[in-house]
Number of protein chains: 2
Amino acid sequence: MNFPSKLIEEAVNEISRLPGIGKKTALRLALHLLKQKETVTEELSSALLALRKDIRYCTTCHNVADSGDTCSICLSVRRDKQIICVVEDIPDVLAIENTGQYQGLYHVLGGVISPIQGIGPDELKIESLIQRCAGSGVQEVILALPATMEGDTTSFFISRKLKELNIKVSSIARGIPIGGELEYTDEVTLGRSILTRVNYSSE
Amino acid sequence: MNFPSKLIEEAVNEISRLPGIGKKTALRLALHLLKQKETVTEELSSALLALRKDIRYCTTCHNVADSGDTCSICLSVRRDKQIICVVEDIPDVLAIENTGQYQGLYHVLGGVISPIQGIGPDELKIESLIQRCAGSGVQEVILALPATMEGDTTSFFISRKLKELNIKVSSIARGIPIGGELEYTDEVTLGRSILTRVNYSSE
């Protein structure tokens, strides 16, 4: 792809380093910015720079925090401090928050155990989770990790560590999505959903 | 959508003002930047700011120019200065350049005549095209405008203006795309391709 201008070429190169954005989309975005007022580009740049420079992470749960050392969820008096939900990364916190179904705290691991990618337990915030559980009145830890081999390995590792502390450990349910048809569900999910069936009569 | 941080929210708002990027994609991009080194964000911001601040436009053809008042195509000694290809906007220049089939100059109108959007001939670089043709030894003007009503209106308007100057005016061919099947081509295109058939024997 040839560019009529070095400035456009450099902008396209930088934009296309973002995930899911190719050269053609990058060019479309660059030309869009050229058509807008200069303030649009200035506001975009300064928002990105502010995000990257000023962002801080909660020292308790490792979620993002705007200012100070503790995030808004850990600070909130409305949250149930006896339950901790363990997630892989920050988008998972957002996803669970958007359901409106969870009122406890979070713990962001920053990844899952993956020997292939060289990520062991020490690269993740697992030790920090254990210490957090040991020191306070935490009653339950909910593991909300991805339903992959790496996620399951991490769940198993954490649950074994927490056994010693006598804390209830649970995992979010795996099964058929709401609205999902049985015949189009893969065998592993369907098989697991039968094994972990919910007892209606005891509810 | 709730955001855990004002900084993320502001970045997402700015990113999602770009065309074709929604809140979810914007969040994914923002979180991606957070995971990268700070230099990645700095380089992206400065490339965008440089693009918007330092870009200049060719005073002859209104294409982008890196520095000075004339673009690299107008400056090039290899280009045929007797032919001018009229296009709607800068991406069209890129598209034609990438074919490698055209060696003449360009003229970027900056849009097409559209009474509904309030764009008349005076909002476009049409007068500048006429002056350009009148003053120099231009032999042919190729109209490469979109095959829409607005594009056709603009083509008609320009061709009438150029008639007085005694310059040959042509339009890029409309027809069945290379590799296209006849039965899947719309009636208007197919009908037009029969009317504007190319005479093999006279070639």
# chains A, B, ... in the order shown; residues from 1 in each chain; ligands from 1
call {"tool": "interface_residues", "arguments": {"of": "chain A", "to": "chain B", "cutoff": "6 Å", "atoms": "only C-alpha atoms", "output": "compact mmCIF listing (two decimals) with all heavy atoms, in the first residue's frame"}}
result
# COMPACT_ATOMS: atom_id res chain seq x y z
N SER A 5 1.63 10.52 1.71
CA SER A 5 2.25 11.43 2.66
C SER A 5 2.90 10.63 3.77
O SER A 5 2.36 9.63 4.25
CB SER A 5 1.17 12.36 3.20
OG SER A 5 1.32 12.60 4.56
N LEU A 7 3.32 11.63 6.79
CA LEU A 7 2.54 11.83 8.01
C LEU A 7 1.40 10.84 8.09
O LEU A 7 1.15 10.24 9.14
CB LEU A 7 1.98 13.26 8.04
CG LEU A 7 2.99 14.38 8.29
CD1 LEU A 7 2.38 15.72 7.95
CD2 LEU A 7 3.46 14.36 9.72
N ALA A 11 0.97 7.76 10.84
CA ALA A 11 -0.26 7.64 11.63
C ALA A 11 -0.90 6.27 11.39
O ALA A 11 -1.32 5.59 12.33
CB ALA A 11 -1.23 8.76 11.27
N GLU A 14 0.96 3.54 13.23
CA GLU A 14 0.68 3.53 14.68
C GLU A 14 -0.71 3.00 14.98
O GLU A 14 -0.90 2.20 15.88
CB GLU A 14 0.85 4.94 15.26
CG GLU A 14 2.30 5.41 15.36
CD GLU A 14 3.15 4.51 16.24
OE1 GLU A 14 2.61 3.95 17.21
OE2 GLU A 14 4.35 4.36 15.96
N LEU A 34 -8.55 13.81 9.77
CA LEU A 34 -8.15 14.97 8.97
C LEU A 34 -9.35 15.84 8.60
O LEU A 34 -9.22 17.05 8.45
CB LEU A 34 -7.48 14.50 7.67
CG LEU A 34 -6.00 14.16 7.78
CD1 LEU A 34 -5.48 13.75 6.42
CD2 LEU A 34 -5.22 15.35 8.30
N LEU A 44 -8.69 13.29 21.64
CA LEU A 44 -8.40 11.86 21.59
C LEU A 44 -7.01 11.57 22.14
O LEU A 44 -6.83 10.72 23.01
CB LEU A 44 -8.52 11.37 20.14
CG LEU A 44 -8.11 9.93 19.86
CD1 LEU A 44 -9.00 8.94 20.59
CD2 LEU A 44 -8.15 9.62 18.36
N SER A 45 -6.02 12.31 21.66
CA SER A 45 -4.64 12.10 22.11
C SER A 45 -4.50 12.30 23.60
O SER A 45 -3.87 11.51 24.30
CB SER A 45 -3.68 13.07 21.44
OG SER A 45 -3.73 12.94 20.09
N ALA A 47 -6.78 12.17 25.93
CA ALA A 47 -7.48 11.14 26.71
C ALA A 47 -6.65 9.86 26.78
O ALA A 47 -6.56 9.22 27.83
CB ALA A 47 -8.85 10.85 26.10
N LEU A 48 -6.01 9.51 25.65
CA LEU A 48 -5.19 8.29 25.62
C LEU A 48 -3.97 8.45 26.53
O LEU A 48 -3.62 7.56 27.29
CB LEU A 48 -4.75 7.97 24.20
CG LEU A 48 -5.85 7.57 23.21
CD1 LEU A 48 -5.26 7.25 21.85
CD2 LEU A 48 -6.63 6.38 23.73
N LEU A 51 -5.02 8.42 30.16
CA LEU A 51 -5.34 7.04 30.56
C LEU A 51 -4.07 6.28 30.91
O LEU A 51 -3.97 5.67 31.97
CB LEU A 51 -6.07 6.35 29.40
CG LEU A 51 -6.30 4.85 29.55
CD1 LEU A 51 -7.34 4.58 30.61
CD2 LEU A 51 -6.72 4.21 28.23
N ARG A 52 -3.09 6.36 30.00
CA ARG A 52 -1.89 5.54 30.19
C ARG A 52 -1.01 6.05 31.33
O ARG A 52 -0.38 5.26 32.02
CB ARG A 52 -1.10 5.53 28.87
CG ARG A 52 0.02 4.50 28.82
CD ARG A 52 -0.55 3.10 28.93
NE ARG A 52 0.48 2.09 29.14
CZ ARG A 52 1.06 1.87 30.30
NH1 ARG A 52 0.73 2.56 31.36
NH2 ARG A 52 1.97 0.92 30.42
N ASP A 66 -8.87 5.14 39.93
CA ASP A 66 -8.61 6.45 39.34
C ASP A 66 -7.55 7.22 40.10
O ASP A 66 -6.65 7.80 39.54
CB ASP A 66 -9.90 7.26 39.28
CG ASP A 66 -10.48 7.24 37.88
OD1 ASP A 66 -9.77 6.77 36.99
OD2 ASP A 66 -11.60 7.69 37.70
call {"tool": "select_by_dssp", "arguments": {"residues": "range 55-196 of chain B", "states": "strand (DSSP E)", "output": "list of chain:residue names"}}
result
B:Arg56, B:Tyr57, B:Val64, B:Ala65, B:Asp80, B:Lys81, B:Gln82, B:Ile83, B:Ile84, B:Cys85, B:Val86, B:Val87, B:Gly104, B:Leu105, B:Tyr106, B:His107, B:Val108, B:Glu140, B:Val141, B:Ile142, B:Leu143, B:Lys168, B:Val169, B:Ser170, B:Ser171
call {"tool": "select_by_dssp", "arguments": {"residues": "range 80-156 of chain B", "states": "helix (DSSP H, G or I)", "output": "number ranges by chain"}}
result
B: 90-99, 115-117, 121-123, 126-135, 149-156
call {"tool": "residues_around", "arguments": {"residues": "His107 in chain B", "least_positions_apart": "3", "cutoff": "8 Å", "atoms": "only C-alpha atoms", "output": "ChimeraX atom specification"}}
result
/B:60-63,84-87,129
call {"tool": "write_last_selection", "arguments": {"atoms": "C-alpha atoms", "output": "tab-separated table (two decimals), in the first residue's frame"}}
result
chain	number	residue	atom	x	y	z
B	60	THR	CA	-2.66	22.72	-7.31
B	61	CYS	CA	-4.58	19.46	-6.96
B	62	HIS	CA	-5.78	19.61	-3.30
B	63	ASN	CA	-4.27	16.22	-2.51
B	84	ILE	CA	-5.95	15.27	-15.06
B	85	CYS	CA	-8.05	12.68	-13.23
B	86	VAL	CA	-10.87	14.27	-11.20
B	87	VAL	CA	-11.78	12.39	-7.97
B	129	LEU	CA	-10.07	22.80	-11.87
call {"tool": "residues_around", "arguments": {"residues": "range 148-152 of chain A", "least_positions_apart": "5", "cutoff": "10 Å", "atoms": "only C-alpha atoms", "output": "mmCIF file with N, CA, C and O atoms, in the first residue's frame"}}
result
data_model
loop_
_atom_site.group_PDB
_atom_site.id
_atom_site.type_symbol
_atom_site.label_atom_id
_atom_site.label_comp_id
_atom_site.auth_asym_id
_atom_site.auth_seq_id
_atom_site.Cartn_x
_atom_site.Cartn_y
_atom_site.Cartn_z
ATOM 1 N N VAL A 87 -11.110 -13.112 39.074
ATOM 2 C CA VAL A 87 -11.226 -13.056 37.616
ATOM 3 C C VAL A 87 -9.844 -12.945 36.972
ATOM 4 O O VAL A 87 -8.861 -12.622 37.642
ATOM 5 N N GLU A 88 -9.818 -13.215 35.665
ATOM 6 C CA GLU A 88 -8.543 -13.188 34.940
ATOM 7 C C GLU A 88 -8.052 -11.758 34.741
ATOM 8 O O GLU A 88 -6.892 -11.453 34.985
ATOM 9 N N GLY A 111 -4.130 -12.638 34.610
ATOM 10 C CA GLY A 111 -3.828 -13.715 33.668
ATOM 11 C C GLY A 111 -4.206 -15.054 34.279
ATOM 12 O O GLY A 111 -4.807 -15.106 35.356
ATOM 13 N N VAL A 112 -3.901 -16.129 33.553
ATOM 14 C CA VAL A 112 -4.110 -17.474 34.087
ATOM 15 C C VAL A 112 -2.813 -18.259 33.905
ATOM 16 O O VAL A 112 -1.984 -17.895 33.072
ATOM 17 N N ILE A 113 -2.664 -19.334 34.673
ATOM 18 C CA ILE A 113 -1.446 -20.149 34.584
ATOM 19 C C ILE A 113 -1.344 -20.768 33.188
ATOM 20 O O ILE A 113 -2.282 -21.406 32.720
ATOM 21 N N SER A 114 -0.229 -20.524 32.500
ATOM 22 C CA SER A 114 -0.053 -21.054 31.157
ATOM 23 C C SER A 114 1.426 -21.383 30.947
ATOM 24 O O SER A 114 2.221 -20.517 30.606
ATOM 25 N N PRO A 115 1.806 -22.651 31.176
ATOM 26 C CA PRO A 115 3.213 -23.038 31.046
ATOM 27 C C PRO A 115 3.768 -22.726 29.648
ATOM 28 O O PRO A 115 4.935 -22.369 29.509
ATOM 29 N N ILE A 116 2.928 -22.834 28.618
ATOM 30 C CA ILE A 116 3.391 -22.598 27.240
ATOM 31 C C ILE A 116 3.837 -21.147 27.067
ATOM 32 O O ILE A 116 4.846 -20.854 26.435
ATOM 33 N N LEU A 143 -14.608 -18.538 41.952
ATOM 34 C CA LEU A 143 -13.658 -18.536 40.842
ATOM 35 C C LEU A 143 -14.427 -18.308 39.547
ATOM 36 O O LEU A 143 -15.282 -19.116 39.175
ATOM 37 N N PHE A 157 -5.456 -24.813 41.155
ATOM 38 C CA PHE A 157 -4.323 -24.358 41.961
ATOM 39 C C PHE A 157 -4.788 -23.480 43.117
ATOM 40 O O PHE A 157 -4.387 -23.667 44.268
ATOM 41 N N ILE A 158 -5.685 -22.546 42.821
ATOM 42 C CA ILE A 158 -6.160 -21.616 43.856
ATOM 43 C C ILE A 158 -7.006 -22.350 44.891
ATOM 44 O O ILE A 158 -6.864 -22.136 46.096
ATOM 45 N N SER A 171 -17.207 -22.142 41.993
ATOM 46 C CA SER A 171 -16.892 -21.709 40.626
ATOM 47 C C SER A 171 -18.190 -21.304 39.955
ATOM 48 O O SER A 171 -19.249 -21.848 40.271
#
